[in-house]
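Student: Structure file run-v2.pdb (PDB, C-alpha atoms) is given on the next line.
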ATOM      1  CA  MET Z   1     -14.296 -17.284 -13.299
ATOM      2  CA  SER Z   2     -12.441 -15.752 -10.395
ATOM      3  CA  ALA Z   3     -14.750 -17.534  -8.008
ATOM      4  CA  LYS Z   4     -13.552 -20.871  -9.345
ATOM      5  CA  GLU Z   5      -9.906 -19.838  -9.259
ATOM      6  CA  GLY Z   6     -10.278 -18.441  -5.754
ATOM      7  CA  THR Z   7     -11.311 -21.777  -4.355
ATOM      8  CA  GLN Z   8      -8.333 -23.529  -5.915
ATOM      9  CA  HIS Z   9      -5.681 -22.069  -3.602
ATOM     10  CA  PRO Z  10      -5.332 -23.909  -0.333
ATOM     11  CA  ILE Z  11      -4.969 -21.796   2.825
ATOM     12  CA  SER Z  12      -1.403 -23.065   3.179
ATOM     13  CA  VAL Z  13      -0.294 -20.868   0.229
ATOM     14  CA  TYR Z  14      -1.322 -17.761   2.172
ATOM     15  CA  LEU Z  15       0.157 -18.965   5.441
ATOM     16  CA  TRP Z  16       3.446 -19.653   3.704
ATOM     17  CA  ILE Z  17       3.570 -16.184   2.078
ATOM     18  CA  TRP Z  18       2.531 -14.633   5.388
ATOM     19  CA  PHE Z  19       5.456 -16.390   7.079
ATOM     20  CA  LEU Z  20       7.860 -15.175   4.353
ATOM     21  CA  LEU Z  21       6.643 -11.588   4.810
ATOM     22  CA  PHE Z  22       7.322 -11.843   8.537
ATOM     23  CA  VAL Z  23      10.811 -13.179   7.907
ATOM     24  CA  LEU Z  24      11.587 -10.490   5.322
ATOM     25  CA  SER Z  25      10.308  -7.753   7.664
ATOM     26  CA  THR Z  26      12.493  -9.108  10.434
ATOM     27  CA  PHE Z  27      15.475  -9.057   8.075
ATOM     28  CA  SER Z  28      14.850  -5.444   7.070
ATOM     29  CA  TYR Z  29      14.496  -4.465  10.732
ATOM     30  CA  MET Z  30      17.746  -6.283  11.523
ATOM     31  CA  VAL Z  31      19.490  -4.153   8.871
ATOM     32  CA  ASP Z  32      18.740  -1.139  11.069
ATOM     33  CA  TYR Z  33      19.225  -2.919  14.395
ATOM     34  CA  LEU Z  34      22.686  -4.196  13.456
ATOM     35  CA  HIS Z  35      23.682  -0.750  12.092
ATOM     36  CA  VAL Z  36      24.581  -1.996   8.616
ATOM     37  CA  GLN Z  37      25.766   1.127   6.779
ATOM     38  CA  GLY Z  38      26.575   2.377   3.290
ATOM     39  CA  LEU Z  39      25.931   0.597   0.021
ATOM     40  CA  LEU Z  40      25.200  -2.756   1.680
ATOM     41  CA  ARG Z  41      22.440  -1.138   3.784
ATOM     42  CA  TRP Z  42      20.722   0.441   0.781
ATOM     43  CA  THR Z  43      21.023  -2.737  -1.277
ATOM     44  CA  LEU Z  44      19.555  -4.913   1.475
ATOM     45  CA  ILE Z  45      16.713  -2.452   2.172
ATOM     46  CA  ILE Z  46      15.716  -2.329  -1.498
ATOM     47  CA  VAL Z  47      16.023  -6.094  -2.038
ATOM     48  CA  PHE Z  48      13.844  -6.920   1.011
ATOM     49  CA  MET Z  49      11.379  -4.169   0.033
ATOM     50  CA  LEU Z  50      10.982  -5.432  -3.535
ATOM     51  CA  LEU Z  51      10.636  -9.056  -2.386
ATOM     52  CA  LYS Z  52       7.892  -8.077   0.074
ATOM     53  CA  ALA Z  53       6.107  -5.901  -2.493
ATOM     54  CA  GLY Z  54       6.347  -8.688  -5.071
ATOM     55  CA  LEU Z  55       4.890 -11.299  -2.724
ATOM     56  CA  ILE Z  56       2.012  -9.041  -1.688
ATOM     57  CA  VAL Z  57       1.073  -8.092  -5.250
ATOM     58  CA  ALA Z  58       1.576 -11.550  -6.756
ATOM     59  CA  VAL Z  59      -0.085 -13.743  -4.138
ATOM     60  CA  PHE Z  60      -2.136 -11.658  -1.707
ATOM     61  CA  MET Z  61      -3.525  -9.449  -4.474
ATOM     62  CA  HIS Z  62      -3.863 -12.482  -6.811
ATOM     63  CA  MET Z  63      -1.956 -10.771  -9.636
ATOM     64  CA  LYS Z  64      -0.168 -14.063 -10.336
ATOM     65  CA  TRP Z  65      -3.454 -15.635 -11.417
ATOM     66  CA  GLU Z  66      -4.775 -12.705 -13.494
ATOM     67  CA  ARG Z  67      -4.695 -12.521 -17.274
ATOM     68  CA  LEU Z  68      -1.737 -10.808 -18.961
ATOM     69  CA  ALA Z  69      -3.895  -7.862 -20.149
ATOM     70  CA  LEU Z  70      -4.670  -6.850 -16.554
ATOM     71  CA  LYS Z  71      -1.094  -7.468 -15.408
ATOM     72  CA  LEU Z  72       0.263  -5.182 -18.128
ATOM     73  CA  ALA Z  73      -2.404  -2.494 -17.612
ATOM     74  CA  ILE Z  74      -1.598  -2.248 -13.889
ATOM     75  CA  LEU Z  75       2.116  -3.014 -13.669
ATOM     76  CA  VAL Z  76       3.547  -1.165 -16.684
ATOM     77  CA  PRO Z  77       2.305   2.447 -16.044
ATOM     78  CA  PRO Z  78       4.155   2.733 -12.687
ATOM     79  CA  LEU Z  79       7.400   2.279 -14.631
ATOM     80  CA  CYS Z  80       6.899   5.872 -15.896
ATOM     81  CA  LEU Z  81       7.490   6.895 -12.304
ATOM     82  CA  LEU Z  82      11.111   5.741 -12.624
ATOM     83  CA  VAL Z  83      11.600   8.640 -15.065
ATOM     84  CA  LEU Z  84      10.186  11.088 -12.493
ATOM     85  CA  ILE Z  85      12.384   9.618  -9.762
ATOM     86  CA  GLY Z  86      15.477   9.836 -12.009
ATOM     87  CA  LEU Z  87      14.759  13.445 -12.996
ATOM     88  CA  MET Z  88      14.100  14.507  -9.399
ATOM     89  CA  ALA Z  89      17.303  12.840  -8.187
ATOM     90  CA  ILE Z  90      19.320  14.800 -10.763
ATOM     91  CA  GLU Z  91      17.428  17.998  -9.925
ATOM     92  CA  GLY Z  92      17.925  17.401  -6.185
ATOM     93  CA  ASP Z  93      21.671  16.993  -6.622
ATOM     94  CA  TYR Z  94      21.779  20.217  -8.637
ATOM     95  CA  THR Z  95      19.819  22.110  -5.958
ATOM     96  CA  PHE Z  96      22.162  20.726  -3.297
ATOM     97  CA  LEU Z  97      25.243  21.905  -5.199
ATOM     98  CA  THR Z  98      23.723  25.333  -5.794
ATOM     99  CA  ARG Z  99      22.813  25.664  -2.122
ATOM    100  CA  SER Z 100      26.266  24.519  -1.035
ATOM    101  CA  VAL Z 101      27.833  27.246  -3.186
ATOM    102  CA  ALA Z 102      25.362  30.042  -2.433
ATOM    103  CA  PHE Z 103      23.928  29.401   1.033
ATOM    104  CA  THR Z 104      26.657  27.718   3.059
ATOM    105  CA  PRO Z 105      25.939  28.623   6.678
TER     106      PRO Z 105
ATOM    107  CA  MET Y   1     -19.878 -11.479 -16.106
ATOM    108  CA  ALA Y   2     -23.474 -11.532 -17.144
ATOM    109  CA  VAL Y   3     -24.148 -10.090 -20.577
ATOM    110  CA  ASP Y   4     -25.973  -6.792 -20.220
ATOM    111  CA  SER Y   5     -29.222  -6.241 -22.055
ATOM    112  CA  MET Y   6     -27.494  -3.183 -23.593
ATOM    113  CA  THR Y   7     -24.919  -5.352 -25.327
ATOM    114  CA  GLY Y   8     -27.481  -7.378 -27.177
ATOM    115  CA  SER Y   9     -29.192  -4.324 -28.622
ATOM    116  CA  MET Y  10     -25.828  -2.679 -29.417
ATOM    117  CA  GLU Y  11     -24.608  -5.623 -31.433
ATOM    118  CA  SER Y  12     -27.727  -6.015 -33.486
ATOM    119  CA  ALA Y  13     -28.053  -2.303 -34.343
ATOM    120  CA  ALA Y  14     -25.661  -0.589 -36.786
ATOM    121  CA  LEU Y  15     -23.139   1.836 -35.248
ATOM    122  CA  ALA Y  16     -24.654   5.288 -34.740
ATOM    123  CA  ASP Y  17     -23.098   8.434 -36.278
ATOM    124  CA  GLY Y  18     -22.474  11.888 -34.809
ATOM    125  CA  MET Y  19     -22.608  12.621 -31.088
ATOM    126  CA  PRO Y  20     -24.770   9.580 -30.260
ATOM    127  CA  GLY Y  21     -22.063   7.533 -31.976
ATOM    128  CA  VAL Y  22     -19.351   9.126 -29.811
ATOM    129  CA  VAL Y  23     -21.375   8.459 -26.699
ATOM    130  CA  SER Y  24     -22.078   4.855 -27.598
ATOM    131  CA  ASP Y  25     -18.467   4.230 -28.642
ATOM    132  CA  PHE Y  26     -17.153   5.438 -25.302
ATOM    133  CA  ALA Y  27     -19.969   4.283 -23.055
ATOM    134  CA  ALA Y  28     -21.106   1.030 -24.636
ATOM    135  CA  ASP Y  29     -20.452  -2.238 -22.866
ATOM    136  CA  LYS Y  30     -17.067  -3.209 -24.170
ATOM    137  CA  GLN Y  31     -14.993  -5.464 -22.003
ATOM    138  CA  ALA Y  32     -11.203  -5.437 -21.979
ATOM    139  CA  PHE Y  33     -10.499  -7.263 -18.734
ATOM    140  CA  ALA Y  34     -11.881 -10.688 -17.962
ATOM    141  CA  VAL Y  35     -12.637  -9.717 -14.361
ATOM    142  CA  PRO Y  36     -15.760  -8.225 -12.745
ATOM    143  CA  TRP Y  37     -15.949  -4.474 -13.288
ATOM    144  CA  GLY Y  38     -15.616  -3.728  -9.572
ATOM    145  CA  LYS Y  39     -12.278  -5.491  -9.429
ATOM    146  CA  ALA Y  40     -10.960  -3.758 -12.560
ATOM    147  CA  MET Y  41     -12.040  -0.392 -11.166
ATOM    148  CA  MET Y  42     -10.377  -1.063  -7.813
ATOM    149  CA  TRP Y  43      -7.155  -1.941  -9.621
ATOM    150  CA  ILE Y  44      -7.323   1.280 -11.632
ATOM    151  CA  PHE Y  45      -7.985   3.283  -8.459
ATOM    152  CA  LEU Y  46      -4.997   1.612  -6.812
ATOM    153  CA  LEU Y  47      -2.893   2.459  -9.867
ATOM    154  CA  SER Y  48      -3.786   6.139  -9.446
ATOM    155  CA  ASP Y  49      -3.038   5.885  -5.729
ATOM    156  CA  THR Y  50       0.365   4.417  -6.596
ATOM    157  CA  PHE Y  51       1.097   7.602  -8.517
ATOM    158  CA  ILE Y  52       0.019   9.781  -5.582
ATOM    159  CA  PHE Y  53       2.184   7.951  -3.060
ATOM    160  CA  THR Y  54       5.139   7.870  -5.448
ATOM    161  CA  CYS Y  55       4.814  11.637  -5.884
ATOM    162  CA  PHE Y  56       4.989  12.020  -2.089
ATOM    163  CA  LEU Y  57       7.966   9.714  -1.755
ATOM    164  CA  THR Y  58       9.718  11.369  -4.698
ATOM    165  CA  SER Y  59       9.246  14.841  -3.218
ATOM    166  CA  TYR Y  60      10.592  13.470   0.069
ATOM    167  CA  MET Y  61      13.612  12.096  -1.807
ATOM    168  CA  HIS Y  62      14.112  15.473  -3.459
ATOM    169  CA  VAL Y  63      14.026  17.539  -0.257
ATOM    170  CA  ARG Y  64      16.290  15.040   1.472
ATOM    171  CA  ILE Y  65      18.846  15.139  -1.349
ATOM    172  CA  SER Y  66      18.752  18.913  -1.712
ATOM    173  CA  THR Y  67      18.983  20.017   1.929
ATOM    174  CA  THR Y  68      22.387  21.147   3.192
ATOM    175  CA  VAL Y  69      21.362  20.571   6.831
ATOM    176  CA  PRO Y  70      21.892  17.021   8.212
ATOM    177  CA  TRP Y  71      18.789  14.795   8.096
ATOM    178  CA  PRO Y  72      17.589  13.562  11.531
ATOM    179  CA  ASN Y  73      18.452   9.880  12.055
ATOM    180  CA  PRO Y  74      15.074   8.068  11.908
ATOM    181  CA  SER Y  75      16.524   5.086  13.757
ATOM    182  CA  GLU Y  76      17.050   7.336  16.804
ATOM    183  CA  VAL Y  77      13.985   9.566  16.365
ATOM    184  CA  PHE Y  78      11.683   6.542  16.502
ATOM    185  CA  ALA Y  79      13.548   4.691  19.249
ATOM    186  CA  LEU Y  80      11.749   3.822  22.469
ATOM    187  CA  GLU Y  81      12.816   3.056  26.014
ATOM    188  CA  ILE Y  82      11.226  -0.263  26.958
ATOM    189  CA  GLY Y  83      11.992  -1.568  30.417
ATOM    190  CA  GLY Y  84      15.094   0.594  30.595
ATOM    191  CA  ALA Y  85      16.456  -0.759  27.294
ATOM    192  CA  HIS Y  86      16.958   1.632  24.379
ATOM    193  CA  ILE Y  87      15.621  -0.086  21.258
ATOM    194  CA  PRO Y  88      15.929   1.745  17.922
ATOM    195  CA  LEU Y  89      12.906   1.961  15.616
ATOM    196  CA  VAL Y  90      11.001  -0.563  17.724
ATOM    197  CA  LEU Y  91       7.582   1.090  17.451
ATOM    198  CA  ILE Y  92       7.806   1.162  13.656
ATOM    199  CA  ALA Y  93       8.884  -2.488  13.599
ATOM    200  CA  ILE Y  94       5.837  -3.470  15.676
ATOM    201  CA  MET Y  95       3.571  -1.401  13.406
ATOM    202  CA  THR Y  96       5.050  -3.211  10.394
ATOM    203  CA  PHE Y  97       4.346  -6.609  11.914
ATOM    204  CA  ILE Y  98       0.802  -5.572  12.817
ATOM    205  CA  LEU Y  99       0.083  -4.456   9.269
ATOM    206  CA  ILE Y 100       1.542  -7.649   7.818
ATOM    207  CA  SER Y 101      -0.549  -9.732  10.221
ATOM    208  CA  SER Y 102      -3.622  -7.836   9.051
ATOM    209  CA  SER Y 103      -2.716  -8.575   5.433
ATOM    210  CA  GLY Y 104      -2.496 -12.263   6.285
ATOM    211  CA  THR Y 105      -5.902 -12.354   7.961
ATOM    212  CA  MET Y 106      -7.363 -10.426   4.999
ATOM    213  CA  ALA Y 107      -5.946 -12.929   2.496
ATOM    214  CA  MET Y 108      -7.556 -15.744   4.492
ATOM    215  CA  ALA Y 109     -10.844 -13.833   4.639
ATOM    216  CA  VAL Y 110     -10.860 -13.629   0.817
ATOM    217  CA  ASN Y 111     -10.148 -17.343   0.621
ATOM    218  CA  TYR Y 112     -12.982 -18.208   3.021
ATOM    219  CA  GLY Y 113     -15.241 -15.832   1.081
ATOM    220  CA  TYR Y 114     -14.799 -17.944  -2.022
ATOM    221  CA  ARG Y 115     -15.488 -21.056   0.033
ATOM    222  CA  ARG Y 116     -18.735 -19.331   1.068
ATOM    223  CA  ASN Y 117     -17.873 -19.608   4.711
ATOM    224  CA  ARG Y 118     -19.876 -16.613   5.912
ATOM    225  CA  GLY Y 119     -18.900 -16.693   9.587
ATOM    226  CA  ARG Y 120     -15.161 -17.119   9.116
ATOM    227  CA  THR Y 121     -15.028 -14.490   6.354
ATOM    228  CA  ALA Y 122     -16.755 -11.870   8.520
ATOM    229  CA  ALA Y 123     -14.683 -12.789  11.595
ATOM    230  CA  LEU Y 124     -11.378 -12.607   9.731
ATOM    231  CA  MET Y 125     -12.350  -9.259   8.191
ATOM    232  CA  LEU Y 126     -13.206  -7.870  11.621
ATOM    233  CA  ILE Y 127      -9.855  -9.129  12.956
ATOM    234  CA  THR Y 128      -8.184  -7.351  10.035
ATOM    235  CA  ALA Y 129     -10.066  -4.149  10.924
ATOM    236  CA  ALA Y 130      -8.977  -4.542  14.550
ATOM    237  CA  PHE Y 131      -5.322  -4.828  13.474
ATOM    238  CA  GLY Y 132      -5.831  -1.705  11.342
ATOM    239  CA  THR Y 133      -7.285   0.171  14.304
ATOM    240  CA  THR Y 134      -4.288  -0.868  16.420
ATOM    241  CA  PHE Y 135      -1.989   0.416  13.703
ATOM    242  CA  VAL Y 136      -3.725   3.809  13.582
ATOM    243  CA  GLY Y 137      -3.653   3.967  17.392
ATOM    244  CA  MET Y 138       0.100   3.365  17.418
ATOM    245  CA  GLN Y 139       0.511   5.990  14.743
ATOM    246  CA  ALA Y 140      -1.415   8.483  16.890
ATOM    247  CA  PHE Y 141       0.940   7.616  19.773
ATOM    248  CA  GLU Y 142       3.949   8.131  17.494
ATOM    249  CA  TRP Y 143       2.670  11.510  16.259
ATOM    250  CA  THR Y 144       1.912  12.663  19.803
ATOM    251  CA  LYS Y 145       5.389  11.665  20.963
ATOM    252  CA  LEU Y 146       7.027  13.500  18.061
ATOM    253  CA  ILE Y 147       4.925  16.646  18.374
ATOM    254  CA  VAL Y 148       4.821  16.953  22.160
ATOM    255  CA  GLU Y 149       8.137  15.479  23.299
ATOM    256  CA  GLU Y 150      10.473  16.044  20.375
ATOM    257  CA  GLY Y 151       8.993  19.344  19.216
ATOM    258  CA  ILE Y 152       8.793  18.269  15.569
ATOM    259  CA  ARG Y 153       6.632  20.535  13.402
ATOM    260  CA  PRO Y 154       5.915  20.587   9.657
ATOM    261  CA  TRP Y 155       7.986  23.782   9.376
ATOM    262  CA  GLY Y 156      10.942  22.803  11.518
ATOM    263  CA  ASN Y 157      12.390  20.689  14.313
ATOM    264  CA  PRO Y 158      15.297  20.791  16.772
ATOM    265  CA  LEU Y 159      16.956  17.673  15.304
ATOM    266  CA  GLY Y 160      18.088  18.863  11.879
ATOM    267  CA  ALA Y 161      16.625  19.492   8.440
ATOM    268  CA  ALA Y 162      13.314  21.368   8.625
ATOM    269  CA  GLN Y 163      11.883  19.250   5.779
ATOM    270  CA  PHE Y 164      11.883  16.162   8.014
ATOM    271  CA  GLY Y 165       8.635  17.197   9.702
ATOM    272  CA  SER Y 166       6.735  18.132   6.569
ATOM    273  CA  ALA Y 167       7.738  14.943   4.751
ATOM    274  CA  PHE Y 168       6.947  12.804   7.792
ATOM    275  CA  PHE Y 169       3.510  14.259   8.547
ATOM    276  CA  MET Y 170       2.518  14.360   4.878
ATOM    277  CA  ILE Y 171       3.486  10.779   4.047
ATOM    278  CA  THR Y 172       2.485   8.977   7.237
ATOM    279  CA  GLY Y 173      -0.614  11.157   7.563
ATOM    280  CA  PHE Y 174      -1.831  10.238   4.105
ATOM    281  CA  HIS Y 175      -1.065   6.585   4.742
ATOM    282  CA  GLY Y 176      -2.850   6.706   8.103
ATOM    283  CA  LEU Y 177      -5.856   8.222   6.372
ATOM    284  CA  HIS Y 178      -5.849   5.260   3.969
ATOM    285  CA  VAL Y 179      -5.696   2.805   6.868
ATOM    286  CA  SER Y 180      -8.557   4.590   8.656
ATOM    287  CA  ALA Y 181     -10.684   4.564   5.508
ATOM    288  CA  GLY Y 182      -9.794   0.884   5.053
ATOM    289  CA  VAL Y 183     -10.946   0.055   8.591
ATOM    290  CA  ILE Y 184     -14.338   1.658   7.893
ATOM    291  CA  TYR Y 185     -14.590  -0.086   4.508
ATOM    292  CA  LEU Y 186     -13.660  -3.459   6.045
ATOM    293  CA  THR Y 187     -16.127  -3.075   8.898
ATOM    294  CA  VAL Y 188     -19.001  -2.177   6.581
ATOM    295  CA  VAL Y 189     -18.328  -5.103   4.241
ATOM    296  CA  ALA Y 190     -17.748  -7.512   7.147
ATOM    297  CA  LEU Y 191     -21.116  -6.599   8.671
ATOM    298  CA  LYS Y 192     -22.805  -7.097   5.303
ATOM    299  CA  VAL Y 193     -21.114 -10.488   4.963
ATOM    300  CA  TRP Y 194     -22.288 -11.375   8.465
ATOM    301  CA  ARG Y 195     -25.842 -10.299   7.645
ATOM    302  CA  GLY Y 196     -25.798 -12.595   4.620
ATOM    303  CA  ASP Y 197     -26.190  -9.994   1.854
ATOM    304  CA  TYR Y 198     -23.637 -11.678  -0.392
ATOM    305  CA  GLU Y 199     -24.909 -15.138   0.463
ATOM    306  CA  ARG Y 200     -28.283 -14.131  -1.005
ATOM    307  CA  ALA Y 201     -26.701 -12.423  -4.031
ATOM    308  CA  GLY Y 202     -24.435 -15.479  -4.451
ATOM    309  CA  ASN Y 203     -21.405 -13.254  -5.028
ATOM    310  CA  TYR Y 204     -18.476 -12.764  -2.660
ATOM    311  CA  GLU Y 205     -16.466 -10.681  -5.159
ATOM    312  CA  ILE Y 206     -16.675  -7.605  -2.883
ATOM    313  CA  VAL Y 207     -14.556  -9.367  -0.256
ATOM    314  CA  GLU Y 208     -11.721  -9.740  -2.748
ATOM    315  CA  ILE Y 209     -12.091  -6.103  -3.865
ATOM    316  CA  THR Y 210     -11.903  -4.906  -0.250
ATOM    317  CA  GLY Y 211      -8.907  -7.190   0.160
ATOM    318  CA  LEU Y 212      -7.166  -5.551  -2.817
ATOM    319  CA  TYR Y 213      -7.513  -2.157  -1.138
ATOM    320  CA  TRP Y 214      -6.242  -3.472   2.182
ATOM    321  CA  HIS Y 215      -3.230  -5.228   0.674
ATOM    322  CA  PHE Y 216      -2.406  -2.021  -1.173
ATOM    323  CA  VAL Y 217      -2.308  -0.120   2.129
ATOM    324  CA  ASP Y 218       0.176  -2.722   3.396
ATOM    325  CA  LEU Y 219       2.117  -2.451   0.131
ATOM    326  CA  VAL Y 220       2.487   1.321   0.518
ATOM    327  CA  TRP Y 221       3.717   0.800   4.069
ATOM    328  CA  VAL Y 222       6.451  -1.526   2.766
ATOM    329  CA  PHE Y 223       7.784   1.358   0.672
ATOM    330  CA  ILE Y 224       7.382   3.981   3.430
ATOM    331  CA  PHE Y 225       9.121   1.663   5.903
ATOM    332  CA  ALA Y 226      12.047   1.153   3.524
ATOM    333  CA  PHE Y 227      12.505   4.713   2.290
ATOM    334  CA  PHE Y 228      11.472   6.860   5.233
ATOM    335  CA  TYR Y 229      12.318   4.812   8.316
ATOM    336  CA  LEU Y 230      15.202   2.595   7.246
ATOM    337  CA  TRP Y 231      17.063   4.802   4.738
TER     338      TRP Y 231
END
Please render this file's structure as structure tokens.
Tutor:
Amino acid sequence: MSAKEGTQHPISVYLWIWFLLFVLSTFSYMVDYLHVQGLLRWTLIIVFMLLKAGLIVAVFMHMKWERLALKLAILVPPLCLLVLIGLMAIEGDYTFLTRSVAFTP
Amino acid sequence: MAVDSMTGSMESAALADGMPGVVSDFAADKQAFAVPWGKAMMWIFLLSDTFIFTCFLTSYMHVRISTTVPWPNPSEVFALEIGGAHIPLVLIAIMTFILISSSGTMAMAVNYGYRRNRGRTAALMLITAAFGTTFVGMQAFEWTKLIVEEGIRPWGNPLGAAQFGSAFFMITGFHGLHVSAGVIYLTVVALKVWRGDYERAGNYEIVEITGLYWHFVDLVWVFIFAFFYLW
């Protein structure tokens, strides 16, 4: 099944995605090179990161052509990690405040 | 997927009771995903690896939020002097491009694998492995520079927050280990492709599975690049 699907994509699809990844990487490097700061910096970094990750998973890892069952089984569980990240961000802020009060050098 | 001889006998016989029933219920050939088992297993391994790397990045986020000492500026820490010019983060940028190039050659190797082009598949996989080796070499250079010249240690550094070193060595070290393992994996499979093992078996699925692993290594780097180096 996959063998048939695999032969359907022309090489140009991969070359095109490859080119996009290069462009996106250049953009994210330019964010640092041009010293973009603050909210704009973080927004741009995350947008370029998610676009690159999306292209790699969807096209290079063939997720786009998989059945929905596999897509859900692989892509939904990582969403739990957002809870961990949220909790640790709150906890980190709390630790920072506590340290600022108790251990200011 | 070929139907296993087990499946035939399982379907005809009534479901067993007791412990043999438990064993057959869990271990019998039941297929959820319409992909070869190797591919499904690689995806599940990569899912577990996603959790590991997210745990690392989350702990890095936590120590960076919670420290009261200023965080060293990665843009300056990883800057290089090239031909007298001071270029920020240039080594990391080159490493990023190398890894993306390797992902591109790997994607083409998978494509040629399905076209049953033995020579091109093996050659592209070896090129991918060569890019990976270059990446690890540059990482070794980066580590040496940080340890020897900048005096950065896992327990402290002269630039700022002590957690910088531990987070850096932990995250990039684990990623570098993945790249190194990937280079070995790629080389082994490429040589088997070259030798014609999969030609005889009539199945190039392993090339795609190796490709999944390699693209994942690139994927992790995208996140490390964004959160550790650019943030």
Student: Each residue of range 41-91 of chain Z with at least one atom at most 12 Å from range 207-220 of chain Y should appear once, together with its nearest atom pair and the corresponding distance in Å (one decimal); atoms considered: all atoms listed in the file; ordering: chain, then increasing residue number; output as a Markdown table.
Tutor:
| residue | atom | partner | partner_atom | distance |
| --- | --- | --- | --- | --- |
| Z:Met49 | CA | Y:Leu219 | CA | 9.4 |
| Z:Leu50 | CA | Y:Leu219 | CA | 10.0 |
| Z:Leu51 | CA | Y:Leu219 | CA | 11.1 |
| Z:Lys52 | CA | Y:Leu219 | CA | 8.1 |
| Z:Ala53 | CA | Y:Leu219 | CA | 5.9 |
| Z:Gly54 | CA | Y:Leu219 | CA | 9.2 |
| Z:Leu55 | CA | Y:Leu219 | CA | 9.7 |
| Z:Ile56 | CA | Y:Leu219 | CA | 6.8 |
| Z:Val57 | CA | Y:His215 | CA | 7.9 |
| Z:Ala58 | CA | Y:His215 | CA | 10.9 |
| Z:Val59 | CA | Y:His215 | CA | 10.3 |
| Z:Phe60 | CA | Y:His215 | CA | 6.9 |
| Z:Met61 | CA | Y:Leu212 | CA | 5.6 |
| Z:His62 | CA | Y:Leu212 | CA | 8.7 |
| Z:Met63 | CA | Y:Leu212 | CA | 10.0 |
Student: Run the PyMOL selection byres ((chain Y and resi 64) around 12) against the file shown and list the residues it catches, as a PyMOL selection string.
Tutor: (chain Z and resi 88-89+91-93+95-96) or (chain Y and resi 57-63+65-73+160-168+227-228+231)
Student: Would you export the selected residues with C-alpha atoms as a short mmCIF file (atom, residue, chain, number, x, y, z; two decimals), in the coordinates of the input, please?
Tutor:
data_model
loop_
_atom_site.label_atom_id
_atom_site.label_comp_id
_atom_site.auth_asym_id
_atom_site.auth_seq_id
_atom_site.Cartn_x
_atom_site.Cartn_y
_atom_site.Cartn_z
CA MET Z 88 14.10 14.51 -9.40
CA ALA Z 89 17.30 12.84 -8.19
CA GLU Z 91 17.43 18.00 -9.93
CA GLY Z 92 17.92 17.40 -6.18
CA ASP Z 93 21.67 16.99 -6.62
CA THR Z 95 19.82 22.11 -5.96
CA PHE Z 96 22.16 20.73 -3.30
CA LEU Y 57 7.97 9.71 -1.76
CA THR Y 58 9.72 11.37 -4.70
CA SER Y 59 9.25 14.84 -3.22
CA TYR Y 60 10.59 13.47 0.07
CA MET Y 61 13.61 12.10 -1.81
CA HIS Y 62 14.11 15.47 -3.46
CA VAL Y 63 14.03 17.54 -0.26
CA ILE Y 65 18.85 15.14 -1.35
CA SER Y 66 18.75 18.91 -1.71
CA THR Y 67 18.98 20.02 1.93
CA THR Y 68 22.39 21.15 3.19
CA VAL Y 69 21.36 20.57 6.83
CA PRO Y 70 21.89 17.02 8.21
CA TRP Y 71 18.79 14.80 8.10
CA PRO Y 72 17.59 13.56 11.53
CA ASN Y 73 18.45 9.88 12.06
CA GLY Y 160 18.09 18.86 11.88
CA ALA Y 161 16.62 19.49 8.44
CA ALA Y 162 13.31 21.37 8.62
CA GLN Y 163 11.88 19.25 5.78
CA PHE Y 164 11.88 16.16 8.01
CA GLY Y 165 8.64 17.20 9.70
CA SER Y 166 6.74 18.13 6.57
CA ALA Y 167 7.74 14.94 4.75
CA PHE Y 168 6.95 12.80 7.79
CA PHE Y 227 12.50 4.71 2.29
CA PHE Y 228 11.47 6.86 5.23
CA TRP Y 231 17.06 4.80 4.74
#
Student: Take CA of Leu15 in chain Z and CA of Phe97 in chain Y and report the distance between them in Å, one decimal.
Tutor: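 We find that CA of Leu15 in chain Z and CA of Phe97 in chain Y lie 14.6 Å from each other.
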Student: Range 51-68 of chain Y, all listed atoms, 6 Å padding on each side: what axis-aligned box centre and edge lengths in Å to one decimal come out, as AutoDock Vina command-line options?
Tutor:
--center_x 11.2 --center_y 14.4 --center_z -2.7 --size_x 34.4 --size_y 25.5 --size_z 23.7
Student: Could you work out how far CA of Ala40 in chain Y lies from CA of Ala16 in chain Y, giving the answer in Å with one decimal?
Tutor: 27.6 Å
Student: Please measure the separation of CA of Ile74 in chain Z and CA of Gly38 in chain Y, giving the value in Å to one decimal.
Tutor: 14.7 Å
Student: Please provide the set of residues having any atom within 12 Å of Leu34 in chain Z, restricted to all atoms listed in the file, with same-chain residues fewer than 2 positions apart removed, written as a list in words.
Tutor: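 Near Leu34 in chain Z, the qualifying residues are Thr26, Phe27, Ser28, Tyr29, Met30, Val31, Asp32, Val36, Gln37 and Arg41 of chain Z; Ser75, Ile87, Pro88, Leu89 and Leu230 of chain Y.
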Student: Output C-alpha atoms of each residue in that selection to a file, as a short mmCIF file (atom, residue, chain, number, x, y, z; two decimals), in the coordinates of the input.
Tutor:
data_model
loop_
_atom_site.label_atom_id
_atom_site.label_comp_id
_atom_site.auth_asym_id
_atom_site.auth_seq_id
_atom_site.Cartn_x
_atom_site.Cartn_y
_atom_site.Cartn_z
CA THR Z 26 12.49 -9.11 10.43
CA PHE Z 27 15.48 -9.06 8.07
CA SER Z 28 14.85 -5.44 7.07
CA TYR Z 29 14.50 -4.46 10.73
CA MET Z 30 17.75 -6.28 11.52
CA VAL Z 31 19.49 -4.15 8.87
CA ASP Z 32 18.74 -1.14 11.07
CA VAL Z 36 24.58 -2.00 8.62
CA GLN Z 37 25.77 1.13 6.78
CA ARG Z 41 22.44 -1.14 3.78
CA SER Y 75 16.52 5.09 13.76
CA ILE Y 87 15.62 -0.09 21.26
CA PRO Y 88 15.93 1.74 17.92
CA LEU Y 89 12.91 1.96 15.62
CA LEU Y 230 15.20 2.60 7.25
#
